[in-house]
Amino acid sequence: MAEELGKIDKPPAENFKKGRKLIFVPVVYQGEGLPEDYTQKYTRFWKQVEEHIAELSSKLGEVNVIYHELIALSGEEGATTLKDLNSQGYKIVKTCIEKKARLEGLEDADLLTEFMDWSRCLMIGLQNPKVITKIYDSYVETGKKRNESIAEKINKTLKEDEIGIILMRENHQVQFPSDIQIFYVSPPALDDIKRWLRDYDQKTGGETDEK
């Protein structure tokens with residue numbers, strides 16, 4: 001079970017087991033056209049994430065490898081792509097890289113683009129039930145393959161006793177390898193953002209455009 005930070009006391013370092021460790025950071029994106037009060041919460045969230053990662057690193061050790069959803073490339077190419085996708089997440093990755101961590105591409109490019117294309121098909125307002133069923137089944141199947149690929153990539157690239165960070169949406173369905181100890185980062189600002197988005201969706205009829 002994940003150890004949630006930000007809501008419980010941090011356990012002493014001697015309580016941590018040896019072996020592979022993965023710090024899970026729930027990704028929150030900037031979104032487009034959202035008002036200033038959301039931006040303030042968004043900025044506060046990422047600041048708290050940085051603080052929690054620094055605190056964890058002081059107990060566990062420095063991060064060795066970083067993963068980010070939607071990024072298929074490793075190294076500098078992956079970092080450049082990430083900078084455009086998630087500028088706040090990029091800052092965290094950049095800090096880790098400066099401390100000699102490596103960025104590993106998390107996604108299989110073909111599976112990712114296929115999954116995104118099926119998702120787009122479902123959003124365009126299809127009418128025929130047979131077509132909808134076929135597309136949905138393909139979407140689900142590709143999503144399963146993508147999740148399996150992500151788990152396999154982590155298993156291959158996170159070495160014995162290494163510490164990794166993965167930045168990914170909360171609603172993922174990836175089954176991480178059972179021997180990896182997961183630390184779930186949950187800053188107080190995350191709940192504030194969730195409440196804000198819920199209220200905003202109710203007011204606007206669900207038109208939130210969170211990237």
# chains A, B, ... in the order shown; residues from 1 in each chain; ligands from 1
call {"tool": "select_by_dssp", "arguments": {"residues": "chain A", "states": "alpha helix (DSSP H)", "output": "PyMOL selection string"}}
result
chain A and resi 36-60+75-85+87-98+109-123+129-157+188-204
call {"tool": "residues_around", "arguments": {"residues": "region 45-60 of chain A", "least_positions_apart": "2", "cutoff": "6 Å", "atoms": "only C-alpha atoms", "output": "ChimeraX atom specification"}}
result
/A:13,42-43,62,187,189
call {"tool": "residues_around", "arguments": {"residues": "Ser149 (chain A)", "least_positions_apart": "3", "cutoff": "8 Å", "atoms": "only C-alpha atoms", "output": "VMD selection string"}}
result
chain A and resid 107 to 108 145 to 146 152 to 153
call {"tool": "residues_around", "arguments": {"residues": "Gly143 (chain A)", "least_positions_apart": "4", "cutoff": "8 Å", "atoms": "only C-alpha atoms", "output": "list in words"}}
result
Phe115, Tyr139 and Asn147 of chain A
call {"tool": "closest_residue", "arguments": {"among": "A:Ile135, A:Val140, A:Ile154, A:Met168", "to": "Ile180 (chain A)", "atoms": "only C-alpha atoms"}}
result
A:Ile154
